[in-house]
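Engineer: Dumping the structure here so I can ask a few things about it.
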Amino acid sequence: MALFEIFDPKAAPRPIGIDLGTTNSLVAYVSNERPVAIADCDLEVLVPSVVSYQPDGEVVVGRRAQRLAPEHPRDTIVSVKRFMGRGADDPETRRLGPYKFLDAAAGEPNTVRFRVDGGKVVTPVEVSAEILRSLKQQAEDELRRVGGAVITVPAYFDDAQRQATKDAARLAGLEVLRLLNEPTAAALAYGLEKKQNGTFAVYDLGGGTFDVTVLVLDDGVFQVRSTGGDSALGGDDMDRAIAHELLAKLGFDDRRQTPQLVRLVLDEARKAKHALTTEESVEALVPEHESVTVTRARFEELIRPLLERTGVAVRRALKDAGLKPADIDGVILVGGSTRVPAVRRYVTEVFGKEPLADIDPDQVVALGAAVQADLLAGEGRSDEVLLLDVIPLSLGIEVGGGVVDKVLPRNSTIPCSAKATYTTQEDRQTGFEVHVVQGERELAADDRSLARFTLKGIPPMPAGMARLEVTFQVDADGLLAVHAREVTTGIEQKVDVRPSYGLDDATVEQMLLDALEHGEEDFAKRRVAENRVEARRILVATRKALVADVDLLQAGEKAAIEKACDALDAATKGEDADAMHRCIEALDDATKAFAGRRMNRAIALAIEGRKLDAVEQTVKHAKGIEGAHAR
Amino acid sequence: MDDPFETLGIARRYDVDLRAVEKQHRELSRALHPDRFVNAPASEKKAALEKAVAANEAWRVVRDPIRRAEAILALAGVAVDEAKAPKPDAEFLMEMLELREALADAKGARDLAKVRAMGKDMEARTSGAEKALAESFARGDAATLAGLVPRVGELRFYRRVLDEVSAIEDELAA
C-alpha cells in the first residue's frame, strides 16, 4: 500500500459490516452493489478472533496471535465472545480452558476479568475491542475511510451481551449503525441473491453460539417470526468433547493439566474435528505423548447431545412461529460448525429437507451485515429492503414472591415499548426496588438478571396507593432502556441502571478517554465534525420534505421552517458545536407538527395500498391459522 | 386505551385472519420503520418511531389470543384486570393445581414423553377454548362479553402450563 493512500480526508467514508465471531471475524463492504469480504495483506479474509498480550505491552491480533497461543496460553485469549456480558462467577469461566480469571472485587462491575502477561487485567469488552480495531484497520487499508459499521451478534444474545458488544465497538472507535442479528444478516445475503418470497429457517451453529431464526420474506421485507438458540453452544463444545476424551485416554486427571497442555489438547481436538469432515478416522497427536485414534462414529456419538439441544431450540422456534417443518420453504446453513457432516444430516432430519449452503457459511453473515450497513447509510435499495427483527427472550420485572411479570414477551417485533404498573406492598413505603430480568422461567432466580434500580422519594402513603409505572423500550438494536415513574406524584427517574453483569457507563467512558491520546481535544473536534454532518443531512431532508408535502404546510409554517433552516445553515459554516446543536433543536421544534402530519399521510398510504390487494390475499390464505402465533 | 385494531386499520373482531393482519403490519412497518428515516430530521425520526412502536404493539396484542380478547373486552368497557376480574371456578382451579403437580412429578422422573403429551393435551384444550371464545365474541352483546372474563382467565392458566412444559423440555434436553 502506497503511503499517500493511507490517509485521504477527501475519500468518502464507506459503511462496513463486521461479523465479530467466536472463532473468526471478518469485515465486508458493498462494492458495485455486491457485498465483498475485505482481505488482509496475506489475502486472507478470516481473522482468527484471538488476542495475545505480550510482556512488552504489545497486543497482537489474529493469525499471529493464534501462533502465540501454544507458548502463551494464559495471555492469549481465544473465543472471547463466549465471555461477553457474563459475570465473573459465570459457569462459562469454569469450563475446560487455560485462563486465569479474577474474582470481582466489591464495588466493581461484575464482569469476567482475565489476568494476562505482566499482571495486566483485561475484560472481554476490551479484548473484543482489539479485534474490532484490527478489522477497522484492515478496512481502512482497503477503503481509506471507514464510515459507520453494522456489527452482528447472535440472535439469542441477551441484553447484557448486546450491550457489551456495543461497548467494545465504541472502545474501538467505531460508529455503530446497528447491532444486527446474525441469522437475519445471513437471510439478507441469501434473500437478495435468490429474490424469492417464502418462509425460511436459518440454522446458525458457530464456534460458540447457536441460533435458529424463522422468517418470512415478502417483497423485500424480511420479517422475523421467531428466534431461539443457546448463546453457549457451538464448535468449541465439540472441541471440548474431543479434548476430554483425549485427556482421559492419555491418563491425565485435573491436577496434571497445565494451561499449556489444555491449549495443546484443545487445538489438537479442533484439528481432529476438521479432519473428520472428510476422513473416517484420525490420529490425534499430542506432542510427547502417544497418539489417540478418533473415529468419525465416535465423534458423532460425542456431539449427539449437542445436536439434540439445537433440535429443542428448532422445534420451539417453529412452534412460536406457528409453523410445521413442512411449511419451511428453505433452510439456510450458517456458521463454520455446519460443515460437520453430522450437523447437516441432523438439520435434514429435523426439517425434512436438504439445507442450502451455497454461500460460504463463514462469510455469509458479514456479507449480509455489509448490505445492511449500505442500506442504513442511505445507499443501495433502502426503499425496497427492510429487516423486521424481534427480541429473543422475554423481558420482565420481578414482583412479589420472586415471580416474574413478563412485560415484553419473546419474539416481540422491535422497536417496541411496553408499560407495566405496580404498587407498594407496605404502608409509608418510600422506595421501590425494581429488578429487571430476561428469560422464560417463572421465577426471577432462574432467569438472567439484567439490572436493578431503586425509585426513591415516593411520598409516604398507605400500601397499595402509590402507583409505579415502569416503561421498557427496546430500540432497533435490540437494546433495552428502562424508565420508571411514580404516577400519583409524577416523580420520574431516568433510571440509573446498575447492570448485573458487564461494565457500567462510567467505566466505559473512562476506558474511552484512556484510549484516546489527546482525549478531550480530539473529542471536541469530533463533535464539531459530527454535528456538521448531522446538520447538513437534516437540511437536505427537511428541504426535500417541504417540496414533497407542500400541501400539508399550514399558514406561516413554511416561513418558520425556512428561517430555522437558514440559521442552521449559517451555524454549519462556523466551528461552534453547541451553536449547531441549538439550531438543530430549533429546526426540530419548527418541524414537529409538520412531521406528525407527514407520518399520518405515510400510514394512510400504507393502509390504503394494502386494501387494494387485501381481497386477493385473504382468499389465498383462507385456511384457518387461528392461534397460530400464540405469542 | 389505544385501539390496536384501529392502529392496524382492521376490523375489531376475535377471529382475525392473522396472516392478513401480519401482512398489514408489514406494510405499516415498510412505511414507518426507523431504518426508513435514517436521513430524516429528528422530528420525523421521533414521529415515525412512535408510530412504528404503536404498530408493533398493536400487532403484539392482536396476534396473542389472550391479549386480543382482553383488548376487545376493554374497548367494550368490560374490566379485565387479572388481579380484580372474576376468577375461574374452584373446580377449574383445583384441576389446574393437580395438572401442575403431575407436571412437576413428570419433571422429577425426567419423563420427557409424559411432559410432551401433557403439552399436546393442553394445546388442544387451548385451541378448543379459543374457538368457543370466538363464537361468543361473535354474538357480542354486553352480557355475553362480561361472562367471557373467566374464560379468558382460563386461557391464562393454560398458557402458564404450556410455558412450564417448554421450560421443562429445555431443562431435560440440556
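Letters A, B, ... mark the chains of the C-alpha cells in the order given; residue numbers begin at 1 per chain; ligand numbers begin at 1, in order shown.
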For chain A, work out the contacting residues on chain B at 7 Å, counting only C-alpha atoms, and write them as a PDB file with C-alpha atoms, in the first residue's frame.

Structural biologist:
ATOM      1  CA  GLY B   9     -56.521  -0.480  10.151  1.00  0.00           C
ATOM      2  CA  ASP B  15     -61.445 -14.473  14.811  1.00  0.00           C
ATOM      3  CA  LEU B  18     -53.657 -13.497  11.325  1.00  0.00           C
ATOM      4  CA  ALA B  20     -53.678 -10.921   6.591  1.00  0.00           C
ATOM      5  CA  GLN B  24     -50.942  -5.328   7.110  1.00  0.00           C
ATOM      6  CA  GLU B  27     -46.932  -2.734   5.110  1.00  0.00           C
ATOM      7  CA  LEU B  28     -47.157  -0.289   8.025  1.00  0.00           C
ATOM      8  CA  ARG B  30     -42.448  -0.604   5.461  1.00  0.00           C
ATOM      9  CA  ALA B  31     -43.701   2.963   5.860  1.00  0.00           C
ATOM     10  CA  ASP B  35     -34.446   2.351   9.065  1.00  0.00           C
ATOM     11  CA  VAL B  38     -32.013   7.327   8.840  1.00  0.00           C
ATOM     12  CA  ASN B  39     -31.517  10.564   6.958  1.00  0.00           C
ATOM     13  CA  ALA B  40     -34.660  12.308   8.188  1.00  0.00           C
ATOM     14  CA  PRO B  41     -34.793  15.269  10.560  1.00  0.00           C
ATOM     15  CA  ALA B  42     -35.087  14.357  14.241  1.00  0.00           C
ATOM     16  CA  SER B  43     -38.737  15.458  14.461  1.00  0.00           C
ATOM     17  CA  GLU B  44     -39.648  12.985  11.732  1.00  0.00           C
ATOM     18  CA  ALA B  47     -42.758  10.734  14.965  1.00  0.00           C
ATOM     19  CA  ALA B  48     -42.008   7.639  12.886  1.00  0.00           C
ATOM     20  CA  VAL B  53     -43.729   1.221  18.156  1.00  0.00           C
ATOM     21  CA  ASN B  56     -45.671  -3.218  16.709  1.00  0.00           C
ATOM     22  CA  GLU B  57     -47.581  -3.129  19.968  1.00  0.00           C
ATOM     23  CA  ARG B  60     -48.319  -7.954  19.534  1.00  0.00           C
ATOM     24  CA  ARG B  63     -51.746 -11.879  17.382  1.00  0.00           C
ATOM     25  CA  ASP B  64     -51.924 -13.043  21.010  1.00  0.00           C
ATOM     26  CA  PRO B  65     -55.286 -14.770  21.640  1.00  0.00           C
ATOM     27  CA  SER B 127     -57.417 -24.146  20.736  1.00  0.00           C
ATOM     28  CA  ALA B 167     -39.193 -24.775  30.409  1.00  0.00           C
ATOM     29  CA  ASP B 170     -35.423 -27.170  27.764  1.00  0.00           C
ATOM     30  CA  ALA B 173     -32.691 -31.538  26.959  1.00  0.00           C
ATOM     31  CA  ALA B 174     -29.761 -29.529  28.351  1.00  0.00           C
TER      32      ALA B 174
END

Engineer: Do you know which residues are at most 7 Å from segment 135-139 of chain B counting only C-alpha atoms, after dropping those on the same chain fewer than 5 positions away, and could you put them as a list in words?

Structural biologist: Tyr14, Thr144 and Leu145 of chain B

Engineer: As a PyMOL selection string, please: the residues near segment 25-27 of chain A (cut-off 10 Å, only C-alpha atoms, same-chain neighbours under 6 positions excluded).

Structural biologist: chain A and resi 16-19+36-40+44-50+62+131-132+135-136+138-139+149-151+362-363+365-367+369-370

Engineer: Dump N, CA and C atoms for the selected residues as a JSON list (two decimals), in the first residue's frame?

Structural biologist:
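Saved result, selection36.json, follows:
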[["chain", "number", "residue", "atom", "x", "y", "z"],
["A", 16, "ILE", "N", -19.35, -0.24, 6.64],
["A", 16, "ILE", "CA", -18.84, -1.61, 6.64],
["A", 16, "ILE", "C", -19.73, -2.53, 7.49],
["A", 17, "GLY", "N", -19.64, -3.81, 7.21],
["A", 17, "GLY", "CA", -20.33, -4.82, 8.02],
["A", 17, "GLY", "C", -19.29, -5.71, 8.69],
["A", 18, "ILE", "N", -19.48, -5.96, 9.96],
["A", 18, "ILE", "CA", -18.50, -6.77, 10.69],
["A", 18, "ILE", "C", -19.19, -7.97, 11.34],
["A", 19, "ASP", "N", -18.63, -9.14, 11.08],
["A", 19, "ASP", "CA", -19.07, -10.34, 11.79],
["A", 19, "ASP", "C", -18.04, -10.60, 12.87],
["A", 36, "VAL", "N", -18.68, -7.68, -0.59],
["A", 36, "VAL", "CA", -17.44, -8.47, -0.69],
["A", 36, "VAL", "C", -16.69, -8.38, 0.64],
["A", 37, "ALA", "N", -16.04, -9.49, 0.98],
["A", 37, "ALA", "CA", -15.24, -9.51, 2.19],
["A", 37, "ALA", "C", -13.89, -8.87, 1.90],
["A", 38, "ILE", "N", -13.33, -8.18, 2.89],
["A", 38, "ILE", "CA", -12.06, -7.49, 2.71],
["A", 38, "ILE", "C", -10.93, -8.39, 3.22],
["A", 39, "ALA", "N", -9.93, -8.60, 2.37],
["A", 39, "ALA", "CA", -8.81, -9.48, 2.74],
["A", 39, "ALA", "C", -7.70, -8.67, 3.39],
["A", 40, "ASP", "N", -6.88, -9.33, 4.21],
["A", 40, "ASP", "CA", -5.72, -8.66, 4.79],
["A", 40, "ASP", "C", -4.54, -8.77, 3.81],
["A", 44, "GLU", "N", -6.03, -13.11, 3.17],
["A", 44, "GLU", "CA", -6.96, -13.92, 3.98],
["A", 44, "GLU", "C", -8.11, -13.02, 4.42],
["A", 45, "VAL", "N", -9.34, -13.53, 4.35],
["A", 45, "VAL", "CA", -10.47, -12.71, 4.82],
["A", 45, "VAL", "C", -10.84, -13.03, 6.27],
["A", 46, "LEU", "N", -10.58, -14.27, 6.69],
["A", 46, "LEU", "CA", -10.94, -14.64, 8.06],
["A", 46, "LEU", "C", -9.84, -14.22, 9.03],
["A", 47, "VAL", "N", -10.20, -13.42, 10.02],
["A", 47, "VAL", "CA", -9.25, -13.04, 11.04],
["A", 47, "VAL", "C", -9.57, -13.87, 12.29],
["A", 48, "PRO", "N", -8.66, -14.75, 12.71],
["A", 48, "PRO", "CA", -8.96, -15.52, 13.92],
["A", 48, "PRO", "C", -9.26, -14.56, 15.09],
["A", 49, "SER", "N", -10.33, -14.82, 15.84],
["A", 49, "SER", "CA", -10.70, -13.94, 16.95],
["A", 49, "SER", "C", -9.83, -14.28, 18.16],
["A", 50, "VAL", "N", -8.55, -14.01, 17.99],
["A", 50, "VAL", "CA", -7.57, -14.34, 19.03],
["A", 50, "VAL", "C", -6.75, -13.09, 19.32],
["A", 62, "GLY", "N", -5.24, -11.84, 15.73],
["A", 62, "GLY", "CA", -5.42, -12.63, 14.51],
["A", 62, "GLY", "C", -4.49, -13.82, 14.40],
["A", 131, "ILE", "N", -10.00, -6.77, 18.63],
["A", 131, "ILE", "CA", -10.34, -7.46, 17.37],
["A", 131, "ILE", "C", -11.01, -6.46, 16.42],
["A", 132, "LEU", "N", -11.95, -5.69, 16.95],
["A", 132, "LEU", "CA", -12.66, -4.72, 16.11],
["A", 132, "LEU", "C", -11.70, -3.66, 15.56],
["A", 135, "LEU", "N", -9.90, -5.09, 12.68],
["A", 135, "LEU", "CA", -10.76, -5.19, 11.49],
["A", 135, "LEU", "C", -10.96, -3.82, 10.86],
["A", 136, "LYS", "N", -11.10, -2.81, 11.72],
["A", 136, "LYS", "CA", -11.29, -1.45, 11.22],
["A", 136, "LYS", "C", -10.06, -1.03, 10.43],
["A", 138, "GLN", "N", -7.96, -2.97, 8.92],
["A", 138, "GLN", "CA", -7.96, -3.75, 7.68],
["A", 138, "GLN", "C", -8.87, -3.09, 6.64],
["A", 139, "ALA", "N", -10.04, -2.60, 7.11],
["A", 139, "ALA", "CA", -10.99, -1.94, 6.20],
["A", 139, "ALA", "C", -10.42, -0.61, 5.72],
["A", 149, "ALA", "N", -20.53, 1.29, 11.09],
["A", 149, "ALA", "CA", -20.43, -0.16, 10.96],
["A", 149, "ALA", "C", -21.69, -0.84, 11.48],
["A", 150, "VAL", "N", -22.11, -1.86, 10.77],
["A", 150, "VAL", "CA", -23.12, -2.78, 11.29],
["A", 150, "VAL", "C", -22.35, -3.95, 11.88],
["A", 151, "ILE", "N", -22.60, -4.26, 13.14],
["A", 151, "ILE", "CA", -21.89, -5.35, 13.80],
["A", 151, "ILE", "C", -22.90, -6.42, 14.16],
["A", 362, "ASP", "N", -18.96, -19.29, 6.39],
["A", 362, "ASP", "CA", -18.10, -18.44, 7.21],
["A", 362, "ASP", "C", -18.26, -16.96, 6.85],
["A", 363, "GLN", "N", -18.70, -16.69, 5.62],
["A", 363, "GLN", "CA", -18.72, -15.30, 5.15],
["A", 363, "GLN", "C", -20.10, -14.67, 5.11],
["A", 365, "VAL", "N", -22.63, -14.08, 6.97],
["A", 365, "VAL", "CA", -23.10, -13.12, 7.96],
["A", 365, "VAL", "C", -22.49, -11.74, 7.72],
["A", 366, "ALA", "N", -21.18, -11.71, 7.48],
["A", 366, "ALA", "CA", -20.51, -10.43, 7.23],
["A", 366, "ALA", "C", -21.03, -9.79, 5.95],
["A", 367, "LEU", "N", -21.32, -10.61, 4.94],
["A", 367, "LEU", "CA", -21.83, -10.07, 3.67],
["A", 367, "LEU", "C", -23.19, -9.43, 3.91],
["A", 369, "ALA", "N", -24.28, -8.22, 6.73],
["A", 369, "ALA", "CA", -24.05, -7.02, 7.54],
["A", 369, "ALA", "C", -23.62, -5.86, 6.66],
["A", 370, "ALA", "N", -22.80, -6.16, 5.65],
["A", 370, "ALA", "CA", -22.34, -5.10, 4.74],
["A", 370, "ALA", "C", -23.53, -4.53, 3.97]]

Engineer: When distances are computed from only C-alpha atoms, which of A:Thr93, A:Ser134, A:Thr227, A:Thr23 shows the smallest separation from Val61 of chain A?

Structural biologist: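 The shortest atom-to-atom distance to Val61 of chain A comes from A:Ser134.
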
Engineer: Ranking A:Ala172, A:Pro341, A:Gly148, A:Gln163 by minimum distance to Val127 of chain A and counting only C-alpha atoms, which one comes first?

Structural biologist: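 Smallest separation from Val127 of chain A among the options: A:Ala172.
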
Engineer: Which residues come within 6 Å of Arg296 of chain A, counting only C-alpha atoms, excluding same-chain residues fewer than 4 positions away, as a ChimeraX atom specification?

Structural biologist: /A:276,280-281

Engineer: Can you list, as a ChimeraX atom specification, every protein, DNA or RNA residue that comes within 12 Å of Leu162 of chain B when you count only C-alpha atoms, leaving out same-chain residues fewer than 6 positions away?

Structural biologist: /A:316,319-320,440-442,630-631 /B:96,99-100,103,115-126,155-156,168-169

Engineer: For N, CA and C atoms, I'd like the residues from the last selection saved as a PDB file, in the first residue's frame.

Structural biologist:
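The result, stored in out14.pdb:
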ATOM      1  N   ARG A 316     -38.928 -25.337  19.177  1.00  0.00           N
ATOM      2  CA  ARG A 316     -39.537 -24.207  19.887  1.00  0.00           C
ATOM      3  C   ARG A 316     -39.777 -23.045  18.924  1.00  0.00           C
ATOM      4  N   LYS A 319     -42.651 -23.695  16.621  1.00  0.00           N
ATOM      5  CA  LYS A 319     -43.917 -23.606  17.345  1.00  0.00           C
ATOM      6  C   LYS A 319     -44.285 -22.139  17.578  1.00  0.00           C
ATOM      7  N   ASP A 320     -43.304 -21.344  17.994  1.00  0.00           N
ATOM      8  CA  ASP A 320     -43.560 -19.921  18.220  1.00  0.00           C
ATOM      9  C   ASP A 320     -43.995 -19.235  16.927  1.00  0.00           C
ATOM     10  N   GLU A 440     -37.425 -16.956  30.168  1.00  0.00           N
ATOM     11  CA  GLU A 440     -38.767 -17.512  30.048  1.00  0.00           C
ATOM     12  C   GLU A 440     -39.270 -18.168  31.334  1.00  0.00           C
ATOM     13  N   ARG A 441     -38.405 -18.292  32.327  1.00  0.00           N
ATOM     14  CA  ARG A 441     -38.802 -19.009  33.525  1.00  0.00           C
ATOM     15  C   ARG A 441     -39.704 -18.167  34.409  1.00  0.00           C
ATOM     16  N   GLU A 442     -40.497 -18.869  35.239  1.00  0.00           N
ATOM     17  CA  GLU A 442     -41.457 -18.180  36.102  1.00  0.00           C
ATOM     18  C   GLU A 442     -40.789 -17.417  37.240  1.00  0.00           C
ATOM     19  N   ALA A 630     -49.233 -18.021  18.871  1.00  0.00           N
ATOM     20  CA  ALA A 630     -49.793 -17.898  20.206  1.00  0.00           C
ATOM     21  C   ALA A 630     -49.096 -16.824  21.022  1.00  0.00           C
ATOM     22  N   ARG A 631     -47.893 -16.407  20.610  1.00  0.00           N
ATOM     23  CA  ARG A 631     -47.224 -15.386  21.422  1.00  0.00           C
ATOM     24  C   ARG A 631     -47.265 -14.081  20.710  1.00  0.00           C
TER      25      ARG A 631
ATOM     26  N   MET B  96     -56.298 -27.375  37.663  1.00  0.00           N
ATOM     27  CA  MET B  96     -55.025 -26.794  37.219  1.00  0.00           C
ATOM     28  C   MET B  96     -53.907 -27.119  38.216  1.00  0.00           C
ATOM     29  N   LEU B  99     -52.871 -30.566  37.703  1.00  0.00           N
ATOM     30  CA  LEU B  99     -52.066 -30.658  36.480  1.00  0.00           C
ATOM     31  C   LEU B  99     -50.626 -30.220  36.728  1.00  0.00           C
ATOM     32  N   ARG B 100     -50.477 -29.105  37.431  1.00  0.00           N
ATOM     33  CA  ARG B 100     -49.136 -28.591  37.711  1.00  0.00           C
ATOM     34  C   ARG B 100     -48.345 -29.600  38.543  1.00  0.00           C
ATOM     35  N   LEU B 103     -47.237 -32.400  36.402  1.00  0.00           N
ATOM     36  CA  LEU B 103     -46.143 -31.926  35.561  1.00  0.00           C
ATOM     37  C   LEU B 103     -44.827 -31.944  36.344  1.00  0.00           C
ATOM     38  N   VAL B 115     -44.233 -35.342  29.668  1.00  0.00           N
ATOM     39  CA  VAL B 115     -44.293 -33.878  29.642  1.00  0.00           C
ATOM     40  C   VAL B 115     -44.833 -33.416  28.290  1.00  0.00           C
ATOM     41  N   ARG B 116     -44.296 -34.017  27.208  1.00  0.00           N
ATOM     42  CA  ARG B 116     -44.731 -33.628  25.854  1.00  0.00           C
ATOM     43  C   ARG B 116     -46.212 -33.924  25.661  1.00  0.00           C
ATOM     44  N   ALA B 117     -46.641 -35.097  26.138  1.00  0.00           N
ATOM     45  CA  ALA B 117     -48.047 -35.485  25.978  1.00  0.00           C
ATOM     46  C   ALA B 117     -48.951 -34.494  26.699  1.00  0.00           C
ATOM     47  N   MET B 118     -48.526 -34.079  27.893  1.00  0.00           N
ATOM     48  CA  MET B 118     -49.329 -33.102  28.636  1.00  0.00           C
ATOM     49  C   MET B 118     -49.388 -31.770  27.895  1.00  0.00           C
ATOM     50  N   GLY B 119     -48.269 -31.412  27.262  1.00  0.00           N
ATOM     51  CA  GLY B 119     -48.227 -30.183  26.476  1.00  0.00           C
ATOM     52  C   GLY B 119     -49.201 -30.262  25.301  1.00  0.00           C
ATOM     53  N   LYS B 120     -49.189 -31.400  24.605  1.00  0.00           N
ATOM     54  CA  LYS B 120     -50.077 -31.593  23.449  1.00  0.00           C
ATOM     55  C   LYS B 120     -51.533 -31.449  23.876  1.00  0.00           C
ATOM     56  N   ASP B 121     -51.859 -32.099  25.006  1.00  0.00           N
ATOM     57  CA  ASP B 121     -53.206 -32.074  25.542  1.00  0.00           C
ATOM     58  C   ASP B 121     -53.640 -30.635  25.846  1.00  0.00           C
ATOM     59  N   MET B 122     -52.718 -29.892  26.450  1.00  0.00           N
ATOM     60  CA  MET B 122     -53.026 -28.505  26.836  1.00  0.00           C
ATOM     61  C   MET B 122     -53.193 -27.630  25.599  1.00  0.00           C
ATOM     62  N   GLU B 123     -52.406 -27.927  24.545  1.00  0.00           N
ATOM     63  CA  GLU B 123     -52.562 -27.162  23.305  1.00  0.00           C
ATOM     64  C   GLU B 123     -53.946 -27.393  22.701  1.00  0.00           C
ATOM     65  N   ALA B 124     -54.402 -28.654  22.747  1.00  0.00           N
ATOM     66  CA  ALA B 124     -55.721 -28.981  22.197  1.00  0.00           C
ATOM     67  C   ALA B 124     -56.809 -28.232  22.975  1.00  0.00           C
ATOM     68  N   ARG B 125     -56.664 -28.228  24.311  1.00  0.00           N
ATOM     69  CA  ARG B 125     -57.658 -27.513  25.126  1.00  0.00           C
ATOM     70  C   ARG B 125     -57.636 -26.023  24.820  1.00  0.00           C
ATOM     71  N   THR B 126     -56.425 -25.487  24.639  1.00  0.00           N
ATOM     72  CA  THR B 126     -56.308 -24.063  24.344  1.00  0.00           C
ATOM     73  C   THR B 126     -57.033 -23.729  23.051  1.00  0.00           C
ATOM     74  N   LEU B 155     -57.719 -19.280  29.868  1.00  0.00           N
ATOM     75  CA  LEU B 155     -56.647 -19.300  28.857  1.00  0.00           C
ATOM     76  C   LEU B 155     -55.296 -18.958  29.470  1.00  0.00           C
ATOM     77  N   ARG B 156     -55.325 -18.000  30.429  1.00  0.00           N
ATOM     78  CA  ARG B 156     -54.060 -17.626  31.081  1.00  0.00           C
ATOM     79  C   ARG B 156     -53.476 -18.811  31.826  1.00  0.00           C
ATOM     80  N   ILE B 168     -39.539 -27.084  31.066  1.00  0.00           N
ATOM     81  CA  ILE B 168     -39.090 -28.435  31.452  1.00  0.00           C
ATOM     82  C   ILE B 168     -38.420 -29.120  30.260  1.00  0.00           C
ATOM     83  N   GLU B 169     -39.012 -28.972  29.076  1.00  0.00           N
ATOM     84  CA  GLU B 169     -38.401 -29.561  27.869  1.00  0.00           C
ATOM     85  C   GLU B 169     -36.970 -29.065  27.701  1.00  0.00           C
TER      86      GLU B 169
END

Engineer: For Ala11 of chain B, which of B:Asp141, B:Arg67, B:Lys46, B:Ile72 is the closest residue, counting only C-alpha atoms?

Structural biologist: B:Ile72

Engineer: Using only C-alpha atoms for the distances, tell me which of A:Glu58, A:Asp211, A:Glu142, A:Asp42 is nearest to Tyr156 of chain A.

Structural biologist: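 Using only C-alpha atoms, Tyr156 of chain A sits closest to A:Asp211.
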